[in-house]
Amino acid sequence: MISRSFTATASRRSLLRALAAAGGLAVGGAGPVPAAAARHPLPRAARRHKPDPDKAHEIRSEFVHAWEGYKRFAWGHDEVRPVSGGHSDFFAHGHPVGLSIVEALDTHHVMELDTEADRCVQWITGHLDFDIDADFQVFETVIRLVGGLLSGYLATGEKGLLDLCTDLADRLLPAFTTSPTGMPYRYVNLRSGEVSGPVLPLAEVGTNILEFGVLSDLTHDSRYRKAAKRALRAVFQRRSSLDLLATSINVETGRWADHDAVAFNPPVDSFFEYLWGGWAMFRDEDCLTWFRILEPAVKKHQAERVGELLWFKNVDFRTGNLLSRRQSSLAVAILPVGGDNTLAADYFRSWTAVLDKYAVIPELIDYAHLDVVDPHNQLRPEYANCAFELYWQTGDPFYRTAAWRYFKNLRTHHRVPGGYTVVTDVTRKPMPKGDHCPAYVFAENFKWLYLTFADAPRFDYTRGYLSTEGKILRGLRRRA
C-alpha cells in the first residue's frame, strides 16, 4: 500500500524489453533505468502504449463480481466471508461501520459505476454514526475510514461525507493530543476519548499526514496536520547514529521497544511513504529533509543482493548487524517513493521472481533462497500497486505485462462464486482457499489494475495522488 504523485518520473529505457514483448516474466534482461533520467518527467503524450479497454473492462467486471458478493452477504457490515456467505466486524465486535462500503466508494466513482457509488453515499450518510463506545485502532481508522470519507467527498462533493470525516477525526485527536511525545496511542474510544496502547510500530505512528493534511485543507483547521507532523518529528528525533529507525516505540516514554530495523517491510513501510507524501502533497520541507536523511540510510545499511536480486535485510538499528533475511510482500511498493526508479525496478524484479516461482506471492519469504515463511496470501495489492506506479513513471510495457499476469492469477486462485477470498497456502496445488475478503480489496487491488489499463476520465494521471490504502486524495474528477 503506497502513496505518491505520478509526475516524478523516469526514462523510457525498457526493463526486460524482450521478455515483456514475448509476454514472459522470468527474471533477467535489461538493467534498471538510469538514475539521472529519473529526475525528468515523461510527458504522457510520449508514451507509446494506448489504453487497453478490453483488459480494463475485464478488471472492472471482476471488481463488480467481488462487490456483488459483498452486497449479497454482508451489506452494512465491515467485511464479507464470500465462501460461507457470512460477514465480520473489523474494528470492534458488534460495531460494524460498513467498512467495505467506505473503502469502495471512490473505486465505484473512478470506474463510473454511478449507481453503486450513489448507493454507498446513501448508506453512509443515512446509517454511519461514530458515537461508538468501543476502542478503534487509530492507524486503521485513519487510512480506511478518514481516507475513504475524504476520497468519497472529493469524488462526489457530498458534504455529509466531509462532516462525518471531521467528526471522526475529532474523535481520534485525543490519541495525539494526550500523548506526552505527540506520537499517537494505538487505540482510542470513539465515545469517551479514552486512549490505550502506548507501544506501537512506526507505520501506526507516522501514517497520518496525508489524510489529516487534506482534511486540514478542506476544513481550514490546522489541528489535524499539526498533530500528524508532530508525530513524524518525534520519530525522526529518535533515529540512531546510523540514521536508522527501529520498529516499535513507546509513545509515553519515547523509548524504542526493540532494536530491529526492518524497513521497507511492515510494520514500518508506510512511515516512509508518508514522509515523502508530506512533501509531495503539501510541500513540507521538513518531511523532505527527514526523508532524504532516513531513506539513504536504509539503502546503505540494509540493501543487499542475492545473485541478481535486490533485497533489504533486517538489521540492528544501532549497529547495522544482520538480524534476518525475511521479507514481506507488502514491501514491494515502497521504492518508487521519491522517484528512485533504479532500485525500484530492481526490487520489483525481485518480487517478480517470487511470482514466477509461486504464481501467487506469499505473505513472507526468506529471500536467501526464496523460501516461504508464511504461505498465506491475504489478497495483498502491493505488487499491482508497484506495477501501476512504475508503468506510469517509465512507460515500460513490462510492468503492464506483470500487472496482467498478477490479475489472471488473482482470478484463477482467489475467485469464488461469492466474490474473492484469501488463499491459505500458495505452495499447494490447487491452492486452498480461506473465507475472508479484506475490505481493502475494494479500495486497492482492482483500482490499481484498472488504472493501469484504462484511461479513466475521472482520474488525472498527471497529478493524481493515492494514499497507502489506495484512496485517491488528489486528482479525482467529479461526474458531469
# chains A, B, ... in the order shown; residues from 1 in each chain; ligands from 1

call {"tool": "residues_around", "arguments": {"residues": "Glu116 (chain A)", "least_positions_apart": "4", "cutoff": "12 Å", "atoms": "only C-alpha atoms", "output": "list in words"}}
result
Phe63, Val64, Trp67, Glu68, Lys71, Ile101, Val102, Ala104, Leu105, Asp106, Thr107, His108, His109, Val110, Met111, Glu112, Cys120, Val121, Gln122 and Trp123 of chain A

call {"tool": "write_last_selection", "arguments": {"atoms": "N, CA, C and O atoms", "output": "compact mmCIF listing (two decimals), in the first residue's frame"}}
result
# COMPACT_ATOMS: atom_id res chain seq x y z
N PHE A 63 -14.16 -6.68 -10.35
CA PHE A 63 -14.49 -5.84 -9.19
C PHE A 63 -15.99 -5.91 -8.90
O PHE A 63 -16.41 -6.06 -7.74
N VAL A 64 -16.80 -5.83 -9.95
CA VAL A 64 -18.25 -5.91 -9.76
C VAL A 64 -18.64 -7.27 -9.18
O VAL A 64 -19.51 -7.36 -8.30
N TRP A 67 -17.88 -7.16 -5.55
CA TRP A 67 -18.82 -6.25 -4.89
C TRP A 67 -20.20 -6.88 -4.74
O TRP A 67 -20.86 -6.72 -3.71
N GLU A 68 -20.65 -7.59 -5.75
CA GLU A 68 -21.96 -8.23 -5.66
C GLU A 68 -21.99 -9.25 -4.53
O GLU A 68 -23.01 -9.42 -3.85
N LYS A 71 -22.45 -7.22 -1.36
CA LYS A 71 -23.83 -6.74 -1.25
C LYS A 71 -24.78 -7.86 -0.85
O LYS A 71 -25.70 -7.66 -0.05
N ILE A 101 -18.04 -0.57 2.35
CA ILE A 101 -18.78 0.46 1.63
C ILE A 101 -17.94 1.72 1.52
O ILE A 101 -17.83 2.33 0.44
N VAL A 102 -17.33 2.13 2.64
CA VAL A 102 -16.47 3.32 2.63
C VAL A 102 -15.25 3.08 1.74
O VAL A 102 -14.84 3.97 0.97
N ALA A 104 -14.97 1.20 -0.84
CA ALA A 104 -15.28 1.01 -2.26
C ALA A 104 -15.71 2.28 -2.97
O ALA A 104 -15.73 2.32 -4.20
N LEU A 105 -16.06 3.33 -2.23
CA LEU A 105 -16.76 4.46 -2.82
C LEU A 105 -16.00 5.11 -3.97
O LEU A 105 -16.54 5.31 -5.07
N ASP A 106 -14.73 5.47 -3.75
CA ASP A 106 -14.04 6.17 -4.85
C ASP A 106 -13.65 5.23 -5.98
O ASP A 106 -13.45 5.67 -7.11
N THR A 107 -13.59 3.91 -5.70
CA THR A 107 -13.37 2.95 -6.78
C THR A 107 -14.59 2.91 -7.70
O THR A 107 -14.46 2.92 -8.93
N HIS A 108 -15.79 2.86 -7.10
CA HIS A 108 -17.01 2.94 -7.91
C HIS A 108 -16.99 4.20 -8.77
O HIS A 108 -17.34 4.16 -9.96
N HIS A 109 -16.60 5.30 -8.17
CA HIS A 109 -16.61 6.57 -8.90
C HIS A 109 -15.65 6.54 -10.08
O HIS A 109 -16.04 6.91 -11.21
N VAL A 110 -14.42 6.11 -9.85
CA VAL A 110 -13.43 6.17 -10.93
C VAL A 110 -13.72 5.16 -12.02
O VAL A 110 -13.35 5.35 -13.17
N MET A 111 -14.45 4.07 -11.68
CA MET A 111 -14.88 3.09 -12.68
C MET A 111 -16.21 3.45 -13.32
O MET A 111 -16.75 2.69 -14.13
N GLU A 112 -16.78 4.59 -12.94
CA GLU A 112 -18.05 5.09 -13.47
C GLU A 112 -19.21 4.15 -13.18
O GLU A 112 -20.16 4.02 -13.97
N CYS A 120 -23.67 3.71 -2.06
CA CYS A 120 -22.72 3.83 -0.95
C CYS A 120 -22.93 5.15 -0.19
O CYS A 120 -22.96 5.18 1.04
N VAL A 121 -23.06 6.24 -0.93
CA VAL A 121 -23.26 7.54 -0.29
C VAL A 121 -24.53 7.54 0.54
O VAL A 121 -24.55 8.04 1.68
N GLN A 122 -25.60 6.98 0.01
CA GLN A 122 -26.87 6.96 0.74
C GLN A 122 -26.75 6.16 2.03
O GLN A 122 -27.28 6.56 3.07
N TRP A 123 -26.04 5.02 1.97
CA TRP A 123 -25.89 4.23 3.20
C TRP A 123 -25.03 4.98 4.22
O TRP A 123 -25.37 5.04 5.40

call {"tool": "residues_around", "arguments": {"residues": "Lys408 (chain A)", "least_positions_apart": "6", "cutoff": "12 Å", "atoms": "only C-alpha atoms", "output": "VMD selection string"}}
result
chain A and resid 55 58 to 59 62 359 to 360 384 401 to 402 414 to 415 446 449

call {"tool": "write_last_selection", "arguments": {"atoms": "all heavy atoms", "output": "short mmCIF file (atom, residue, chain, number, x, y, z; two decimals), in the first residue's frame"}}
result
data_model
loop_
_atom_site.label_atom_id
_atom_site.label_comp_id
_atom_site.auth_asym_id
_atom_site.auth_seq_id
_atom_site.Cartn_x
_atom_site.Cartn_y
_atom_site.Cartn_z
N LYS A 55 -8.96 -5.12 -21.51
CA LYS A 55 -8.43 -5.57 -20.22
C LYS A 55 -9.04 -4.77 -19.08
O LYS A 55 -9.37 -5.32 -18.02
CB LYS A 55 -6.90 -5.48 -20.20
CG LYS A 55 -6.20 -6.54 -21.07
CD LYS A 55 -4.70 -6.46 -20.90
CE LYS A 55 -3.99 -7.64 -21.58
NZ LYS A 55 -4.18 -7.67 -23.03
N GLU A 58 -12.39 -6.18 -18.32
CA GLU A 58 -12.33 -7.44 -17.56
C GLU A 58 -12.07 -7.19 -16.08
O GLU A 58 -12.67 -7.83 -15.20
CB GLU A 58 -11.23 -8.35 -18.13
CG GLU A 58 -11.58 -9.02 -19.43
CD GLU A 58 -10.57 -10.11 -19.80
OE1 GLU A 58 -10.31 -10.98 -18.93
OE2 GLU A 58 -10.05 -10.06 -20.93
N ILE A 59 -11.17 -6.28 -15.79
CA ILE A 59 -10.84 -5.96 -14.40
C ILE A 59 -12.05 -5.35 -13.70
O ILE A 59 -12.39 -5.72 -12.57
CB ILE A 59 -9.63 -5.01 -14.36
CG1 ILE A 59 -8.37 -5.74 -14.85
CG2 ILE A 59 -9.42 -4.46 -12.95
CD1 ILE A 59 -7.25 -4.82 -15.27
N GLU A 62 -14.57 -7.98 -12.78
CA GLU A 62 -14.20 -8.77 -11.60
C GLU A 62 -14.41 -7.97 -10.31
O GLU A 62 -14.78 -8.54 -9.27
CB GLU A 62 -12.77 -9.26 -11.72
CG GLU A 62 -12.57 -10.30 -12.80
CD GLU A 62 -13.54 -11.48 -12.65
OE1 GLU A 62 -13.56 -12.11 -11.58
OE2 GLU A 62 -14.30 -11.74 -13.60
N ALA A 359 3.33 -18.25 -8.43
CA ALA A 359 2.12 -17.79 -9.11
C ALA A 359 1.33 -16.80 -8.27
O ALA A 359 0.77 -15.84 -8.80
CB ALA A 359 1.23 -18.95 -9.54
N VAL A 360 1.23 -17.02 -6.98
CA VAL A 360 0.64 -16.07 -6.04
C VAL A 360 1.70 -15.79 -4.98
O VAL A 360 2.30 -16.71 -4.43
CB VAL A 360 -0.64 -16.62 -5.40
CG1 VAL A 360 -1.14 -15.71 -4.29
CG2 VAL A 360 -1.73 -16.79 -6.47
N ALA A 384 0.62 -5.16 -7.62
CA ALA A 384 -0.13 -4.43 -8.64
C ALA A 384 0.05 -2.93 -8.48
O ALA A 384 0.14 -2.19 -9.47
CB ALA A 384 -1.61 -4.80 -8.57
N THR A 401 2.60 -5.93 -18.50
CA THR A 401 2.61 -7.39 -18.64
C THR A 401 2.58 -8.06 -17.27
O THR A 401 1.85 -9.03 -17.05
CB THR A 401 3.87 -7.83 -19.41
OG1 THR A 401 3.92 -7.17 -20.67
CG2 THR A 401 3.87 -9.34 -19.63
N ALA A 402 3.37 -7.54 -16.35
CA ALA A 402 3.40 -8.08 -14.99
C ALA A 402 2.05 -7.90 -14.31
O ALA A 402 1.54 -8.82 -13.63
CB ALA A 402 4.49 -7.39 -14.18
N HIS A 414 -8.10 -16.86 -6.49
CA HIS A 414 -8.83 -16.19 -5.41
C HIS A 414 -10.33 -16.07 -5.67
O HIS A 414 -11.09 -15.78 -4.75
CB HIS A 414 -8.26 -14.79 -5.16
CG HIS A 414 -6.89 -14.77 -4.58
ND1 HIS A 414 -6.66 -14.84 -3.23
CD2 HIS A 414 -5.67 -14.67 -5.16
CE1 HIS A 414 -5.36 -14.78 -2.99
NE2 HIS A 414 -4.74 -14.68 -4.16
N ARG A 415 -10.76 -16.27 -6.89
CA ARG A 415 -12.17 -16.07 -7.23
C ARG A 415 -13.02 -17.24 -6.74
O ARG A 415 -12.65 -18.41 -6.91
CB ARG A 415 -12.33 -15.93 -8.74
CG ARG A 415 -13.67 -15.36 -9.20
CD ARG A 415 -13.72 -15.35 -10.72
NE ARG A 415 -14.68 -14.43 -11.26
CZ ARG A 415 -15.97 -14.71 -11.50
NH1 ARG A 415 -16.43 -15.93 -11.21
NH2 ARG A 415 -16.77 -13.80 -12.02
N PHE A 446 -8.29 -3.94 -7.40
CA PHE A 446 -8.90 -3.72 -8.71
C PHE A 446 -8.71 -2.29 -9.19
O PHE A 446 -8.63 -2.04 -10.39
CB PHE A 446 -10.39 -4.08 -8.64
CG PHE A 446 -10.64 -5.52 -8.35
CD1 PHE A 446 -11.05 -5.93 -7.09
CD2 PHE A 446 -10.44 -6.49 -9.32
CE1 PHE A 446 -11.27 -7.27 -6.81
CE2 PHE A 446 -10.65 -7.83 -9.06
CZ PHE A 446 -11.06 -8.23 -7.80
N LEU A 449 -5.19 -2.05 -10.77
CA LEU A 449 -5.18 -2.74 -12.05
C LEU A 449 -5.98 -1.97 -13.10
O LEU A 449 -5.55 -1.82 -14.25
CB LEU A 449 -5.75 -4.15 -11.88
CG LEU A 449 -4.87 -5.11 -11.07
CD1 LEU A 449 -5.67 -6.32 -10.61
CD2 LEU A 449 -3.65 -5.54 -11.88
#

call {"tool": "residues_around", "arguments": {"residues": "Met281 (chain A)", "least_positions_apart": "3", "cutoff": "12 Å", "atoms": "only C-alpha atoms", "output": "VMD selection string"}}
result
chain A and resid 3 to 7 209 to 214 217 225 273 to 278 284 to 285 287 to 288 463 to 467 473 to 475

call {"tool": "residues_around", "arguments": {"residues": "Gly470 (chain A)", "least_positions_apart": "4", "cutoff": "10 Å", "atoms": "only C-alpha atoms", "output": "PyMOL selection string"}}
result
chain A and resi 1-3+103+106-107+143-144+147-148+151+381+385+440-445+447-448+465-466

call {"tool": "select_by_dssp", "arguments": {"residues": "region 367-465 of chain A", "states": "strand (DSSP E or B)", "output": "CSV table (one decimal) with all heavy atoms, in the first residue's frame"}}
result
chain,number,residue,atom,x,y,z
A,371,ASP,N,12.5,-19.0,-0.1
A,371,ASP,CA,11.7,-19.9,0.7
A,371,ASP,C,10.6,-19.3,1.4
A,371,ASP,O,10.7,-18.1,1.9
A,371,ASP,CB,12.6,-20.6,1.8
A,371,ASP,CG,13.7,-21.5,1.2
A,371,ASP,OD1,13.5,-22.0,0.0
A,371,ASP,OD2,14.8,-21.6,1.8
A,372,VAL,N,9.4,-20.0,1.4
A,372,VAL,CA,8.2,-19.4,2.0
A,372,VAL,C,8.3,-19.5,3.5
A,372,VAL,O,8.6,-20.6,4.1
A,372,VAL,CB,7.0,-20.1,1.5
A,372,VAL,CG1,5.7,-19.7,2.3
A,372,VAL,CG2,6.8,-19.9,0.0
A,373,VAL,N,8.0,-18.5,4.2
A,373,VAL,CA,7.9,-18.5,5.7
A,373,VAL,C,6.5,-18.4,6.1
A,373,VAL,O,6.1,-19.2,7.0
A,373,VAL,CB,8.7,-17.2,6.3
A,373,VAL,CG1,8.5,-17.2,7.8
A,373,VAL,CG2,10.2,-17.3,5.9
A,374,ASP,N,5.7,-17.6,5.5
A,374,ASP,CA,4.2,-17.6,5.7
A,374,ASP,C,3.5,-17.8,4.4
A,374,ASP,O,3.6,-17.0,3.5
A,374,ASP,CB,3.8,-16.3,6.3
A,374,ASP,CG,2.3,-16.2,6.6
A,374,ASP,OD1,1.5,-17.1,6.1
A,374,ASP,OD2,1.9,-15.2,7.2
A,377,ASN,N,-1.8,-15.9,1.4
A,377,ASN,CA,-1.9,-14.6,0.6
A,377,ASN,C,-3.2,-14.0,1.0
A,377,ASN,O,-4.3,-14.5,0.7
A,377,ASN,CB,-1.8,-14.8,-0.9
A,377,ASN,CG,-1.9,-13.5,-1.7
A,377,ASN,OD1,-3.0,-13.0,-1.8
A,377,ASN,ND2,-0.8,-13.1,-2.2
A,415,ARG,N,-10.8,-16.3,-6.9
A,415,ARG,CA,-12.2,-16.1,-7.2
A,415,ARG,C,-13.0,-17.2,-6.7
A,415,ARG,O,-12.7,-18.4,-6.9
A,415,ARG,CB,-12.3,-15.9,-8.7
A,415,ARG,CG,-13.7,-15.4,-9.2
A,415,ARG,CD,-13.7,-15.4,-10.7
A,415,ARG,NE,-14.7,-14.4,-11.3
A,415,ARG,CZ,-16.0,-14.7,-11.5
A,415,ARG,NH1,-16.4,-15.9,-11.2
A,415,ARG,NH2,-16.8,-13.8,-12.0
A,416,VAL,N,-14.2,-16.9,-6.1
A,416,VAL,CA,-15.1,-17.9,-5.7
A,416,VAL,C,-16.5,-17.4,-6.2
A,416,VAL,O,-16.6,-16.2,-6.5
A,416,VAL,CB,-15.1,-18.2,-4.2
A,416,VAL,CG1,-13.8,-18.8,-3.8
A,416,VAL,CG2,-15.3,-16.9,-3.4
A,419,GLY,N,-17.5,-14.1,-4.7
A,419,GLY,CA,-16.6,-12.9,-4.7
A,419,GLY,C,-15.1,-13.3,-4.8
A,419,GLY,O,-14.8,-14.2,-5.6
A,420,TYR,N,-14.3,-12.7,-4.0
A,420,TYR,CA,-12.9,-13.1,-3.9
A,420,TYR,C,-12.5,-13.3,-2.5
A,420,TYR,O,-13.0,-12.7,-1.5
A,420,TYR,CB,-12.0,-11.9,-4.5
A,420,TYR,CG,-11.9,-11.9,-6.0
A,420,TYR,CD1,-12.9,-11.6,-6.8
A,420,TYR,CD2,-10.7,-12.4,-6.5
A,420,TYR,CE1,-12.8,-11.7,-8.2
A,420,TYR,CE2,-10.6,-12.4,-7.9
A,420,TYR,CZ,-11.6,-12.1,-8.7
A,420,TYR,OH,-11.5,-12.2,-10.1
A,423,VAL,N,-6.1,-16.9,0.1
A,423,VAL,CA,-5.5,-18.2,-0.1
A,423,VAL,C,-4.7,-18.5,1.2
A,423,VAL,O,-4.0,-17.7,1.7
A,423,VAL,CB,-4.6,-18.2,-1.3
A,423,VAL,CG1,-3.7,-19.4,-1.3
A,423,VAL,CG2,-5.5,-18.2,-2.6
A,433,LYS,N,-8.4,-22.3,-0.3
A,433,LYS,CA,-8.9,-21.0,0.0
A,433,LYS,C,-9.4,-20.8,1.4
A,433,LYS,O,-9.9,-21.8,2.0
A,433,LYS,CB,-10.0,-20.7,-1.0
A,433,LYS,CG,-9.6,-20.7,-2.5
A,433,LYS,CD,-10.8,-20.5,-3.4
A,433,LYS,CE,-10.3,-20.3,-4.8
A,433,LYS,NZ,-9.6,-21.4,-5.4
A,437,CYS,N,-12.7,-11.8,2.7
A,437,CYS,CA,-12.3,-10.8,1.7
A,437,CYS,C,-12.1,-9.5,2.4
A,437,CYS,O,-13.0,-8.8,2.9
A,437,CYS,CB,-13.5,-10.6,0.6
A,437,CYS,SG,-13.0,-9.4,-0.6
A,459,PHE,N,-10.0,10.3,-13.4
A,459,PHE,CA,-8.7,10.4,-12.7
A,459,PHE,C,-7.7,11.1,-13.5
A,459,PHE,O,-7.5,10.8,-14.7
A,459,PHE,CB,-8.2,8.9,-12.4
A,459,PHE,CG,-6.9,8.9,-11.7
A,459,PHE,CD1,-6.8,9.3,-10.4
A,459,PHE,CD2,-5.7,8.5,-12.3
A,459,PHE,CE1,-5.6,9.2,-9.7
A,459,PHE,CE2,-4.5,8.4,-11.6
A,459,PHE,CZ,-4.5,8.8,-10.3
A,465,TYR,N,-2.9,11.5,-6.7
A,465,TYR,CA,-2.1,11.0,-5.6
A,465,TYR,C,-3.0,10.1,-4.7
A,465,TYR,O,-4.1,10.5,-4.4
A,465,TYR,CB,-1.7,12.2,-4.7
A,465,TYR,CG,-0.4,11.9,-4.0
A,465,TYR,CD1,0.8,12.3,-4.4
A,465,TYR,CD2,-0.4,11.2,-2.8
A,465,TYR,CE1,2.0,12.1,-3.7
A,465,TYR,CE2,0.7,11.0,-2.1
A,465,TYR,CZ,1.9,11.4,-2.6
A,465,TYR,OH,3.1,11.1,-1.9

call {"tool": "residues_around", "arguments": {"residues": "Gly157 (chain A)", "least_positions_apart": "2", "cutoff": "12 Å", "atoms": "only C-alpha atoms", "output": "ChimeraX atom specification"}}
result
/A:106,109,118,121,149-155,159-163,218,476-479

call {"tool": "write_last_selection", "arguments": {"atoms": "N, CA and C atoms", "output": "PDB file, in the first residue's frame"}}
result
ATOM      1  N   ASP A 106     -14.733   5.472  -3.755  1.00  0.00           N
ATOM      2  CA  ASP A 106     -14.036   6.173  -4.848  1.00  0.00           C
ATOM      3  C   ASP A 106     -13.654   5.227  -5.979  1.00  0.00           C
ATOM      4  N   HIS A 109     -16.598   5.298  -8.171  1.00  0.00           N
ATOM      5  CA  HIS A 109     -16.613   6.566  -8.902  1.00  0.00           C
ATOM      6  C   HIS A 109     -15.655   6.541 -10.080  1.00  0.00           C
ATOM      7  N   ASP A 118     -23.716   5.932  -5.700  1.00  0.00           N
ATOM      8  CA  ASP A 118     -24.844   6.584  -5.034  1.00  0.00           C
ATOM      9  C   ASP A 118     -25.385   5.725  -3.894  1.00  0.00           C
ATOM     10  N   VAL A 121     -23.060   6.241  -0.935  1.00  0.00           N
ATOM     11  CA  VAL A 121     -23.256   7.543  -0.294  1.00  0.00           C
ATOM     12  C   VAL A 121     -24.526   7.544   0.541  1.00  0.00           C
ATOM     13  N   LEU A 149     -13.683   8.459   3.558  1.00  0.00           N
ATOM     14  CA  LEU A 149     -14.663   9.542   3.561  1.00  0.00           C
ATOM     15  C   LEU A 149     -14.133  10.764   2.820  1.00  0.00           C
ATOM     16  N   LEU A 150     -12.830  11.028   2.959  1.00  0.00           N
ATOM     17  CA  LEU A 150     -12.226  12.140   2.222  1.00  0.00           C
ATOM     18  C   LEU A 150     -12.310  11.917   0.713  1.00  0.00           C
ATOM     19  N   SER A 151     -11.867  10.750   0.254  1.00  0.00           N
ATOM     20  CA  SER A 151     -11.884  10.497  -1.187  1.00  0.00           C
ATOM     21  C   SER A 151     -13.317  10.442  -1.697  1.00  0.00           C
ATOM     22  N   GLY A 152     -14.239   9.940  -0.870  1.00  0.00           N
ATOM     23  CA  GLY A 152     -15.640   9.952  -1.260  1.00  0.00           C
ATOM     24  C   GLY A 152     -16.175  11.356  -1.432  1.00  0.00           C
ATOM     25  N   TYR A 153     -15.794  12.238  -0.523  1.00  0.00           N
ATOM     26  CA  TYR A 153     -16.209  13.633  -0.644  1.00  0.00           C
ATOM     27  C   TYR A 153     -15.587  14.287  -1.879  1.00  0.00           C
ATOM     28  N   LEU A 154     -14.304  14.034  -2.100  1.00  0.00           N
ATOM     29  CA  LEU A 154     -13.644  14.611  -3.262  1.00  0.00           C
ATOM     30  C   LEU A 154     -14.263  14.106  -4.562  1.00  0.00           C
ATOM     31  N   ALA A 155     -14.762  12.872  -4.553  1.00  0.00           N
ATOM     32  CA  ALA A 155     -15.374  12.302  -5.749  1.00  0.00           C
ATOM     33  C   ALA A 155     -16.769  12.848  -5.999  1.00  0.00           C
ATOM     34  N   LYS A 159     -21.481  16.859   1.060  1.00  0.00           N
ATOM     35  CA  LYS A 159     -20.969  17.467   2.272  1.00  0.00           C
ATOM     36  C   LYS A 159     -21.135  16.565   3.492  1.00  0.00           C
ATOM     37  N   GLY A 160     -22.149  15.718   3.486  1.00  0.00           N
ATOM     38  CA  GLY A 160     -22.335  14.815   4.615  1.00  0.00           C
ATOM     39  C   GLY A 160     -21.138  13.909   4.845  1.00  0.00           C
ATOM     40  N   LEU A 161     -20.424  13.565   3.782  1.00  0.00           N
ATOM     41  CA  LEU A 161     -19.228  12.735   3.920  1.00  0.00           C
ATOM     42  C   LEU A 161     -18.121  13.500   4.629  1.00  0.00           C
ATOM     43  N   LEU A 162     -17.949  14.768   4.268  1.00  0.00           N
ATOM     44  CA  LEU A 162     -16.929  15.588   4.926  1.00  0.00           C
ATOM     45  C   LEU A 162     -17.284  15.848   6.389  1.00  0.00           C
ATOM     46  N   ASP A 163     -18.560  16.025   6.672  1.00  0.00           N
ATOM     47  CA  ASP A 163     -18.977  16.227   8.065  1.00  0.00           C
ATOM     48  C   ASP A 163     -18.678  14.988   8.907  1.00  0.00           C
ATOM     49  N   LEU A 218      -9.270  21.115   3.596  1.00  0.00           N
ATOM     50  CA  LEU A 218     -10.696  21.218   3.274  1.00  0.00           C
ATOM     51  C   LEU A 218     -11.480  21.971   4.340  1.00  0.00           C
ATOM     52  N   LEU A 476      -9.008  13.490  -8.460  1.00  0.00           N
ATOM     53  CA  LEU A 476     -10.334  12.989  -8.838  1.00  0.00           C
ATOM     54  C   LEU A 476     -11.099  14.052  -9.612  1.00  0.00           C
ATOM     55  N   ARG A 477     -11.825  13.598 -10.617  1.00  0.00           N
ATOM     56  CA  ARG A 477     -12.740  14.473 -11.350  1.00  0.00           C
ATOM     57  C   ARG A 477     -14.167  14.011 -11.078  1.00  0.00           C
ATOM     58  N   ARG A 478     -15.021  14.932 -10.756  1.00  0.00           N
ATOM     59  CA  ARG A 478     -16.413  14.580 -10.473  1.00  0.00           C
ATOM     60  C   ARG A 478     -17.174  14.327 -11.757  1.00  0.00           C
ATOM     61  N   ARG A 479     -18.254  13.576 -11.646  1.00  0.00           N
ATOM     62  CA  ARG A 479     -19.077  13.281 -12.813  1.00  0.00           C
ATOM     63  C   ARG A 479     -19.710  14.567 -13.339  1.00  0.00           C
TER      64      ARG A 479
END

call {"tool": "closest_atom_pairs", "arguments": {"of": "region 74-148 of chain A", "to": "region 171-175 of chain A", "cutoff": "10 Å", "atoms": "only C-alpha atoms", "output": "tab-separated table"}}
result
residue	atom	partner	partner_atom	distance
A:Phe130	CA	A:Arg171	CA	8.3
A:Asp131	CA	A:Arg171	CA	8.8
A:Phe136	CA	A:Leu172	CA	8.8
A:Gln137	CA	A:Leu172	CA	9.4
A:Val138	CA	A:Leu172	CA	6.7
A:Phe139	CA	A:Leu172	CA	9.8
A:Thr141	CA	A:Leu172	CA	8.5
A:Val142	CA	A:Leu172	CA	8.4
A:Val146	CA	A:Leu172	CA	9.9

call {"tool": "decode", "arguments": {"residues": "region 375-387 of chain A", "atoms": "N, CA and C atoms", "output": "CSV table (one decimal), in the first residue's frame"}}
result
chain,number,residue,atom,x,y,z
A,375,PRO,N,2.9,-19.0,4.2
A,375,PRO,CA,2.3,-19.3,2.9
A,375,PRO,C,1.0,-18.7,2.5
A,376,HIS,N,0.4,-17.9,3.4
A,376,HIS,CA,-0.8,-17.3,3.1
A,376,HIS,C,-0.7,-16.2,2.0
A,377,ASN,N,-1.8,-15.9,1.4
A,377,ASN,CA,-1.9,-14.6,0.6
A,377,ASN,C,-3.2,-14.0,1.0
A,378,GLN,N,-3.1,-12.8,1.6
A,378,GLN,CA,-4.2,-12.1,2.1
A,378,GLN,C,-4.8,-11.1,1.1
A,379,LEU,N,-4.7,-11.4,-0.2
A,379,LEU,CA,-5.2,-10.5,-1.2
A,379,LEU,C,-4.4,-9.2,-1.2
A,380,ARG,N,-3.1,-9.3,-1.0
A,380,ARG,CA,-2.3,-8.1,-0.9
A,380,ARG,C,-2.3,-7.4,-2.3
A,381,PRO,N,-2.4,-6.0,-2.3
A,381,PRO,CA,-2.4,-5.3,-3.6
A,381,PRO,C,-1.0,-4.7,-4.0
A,382,GLU,N,0.0,-4.9,-3.2
A,382,GLU,CA,1.3,-4.1,-3.4
A,382,GLU,C,2.0,-4.4,-4.7
A,383,TYR,N,2.0,-5.6,-5.2
A,383,TYR,CA,2.6,-5.9,-6.4
A,383,TYR,C,1.9,-5.1,-7.6
A,384,ALA,N,0.6,-5.2,-7.6
A,384,ALA,CA,-0.1,-4.4,-8.6
A,384,ALA,C,0.0,-2.9,-8.5
A,385,ASN,N,0.1,-2.5,-7.3
A,385,ASN,CA,0.3,-1.1,-6.9
A,385,ASN,C,1.6,-0.6,-7.6
A,386,CYS,N,2.7,-1.4,-7.3
A,386,CYS,CA,4.0,-1.0,-7.8
A,386,CYS,C,4.1,-1.1,-9.3
A,387,ALA,N,3.4,-2.1,-9.9
A,387,ALA,CA,3.4,-2.2,-11.4
A,387,ALA,C,2.7,-0.9,-12.0
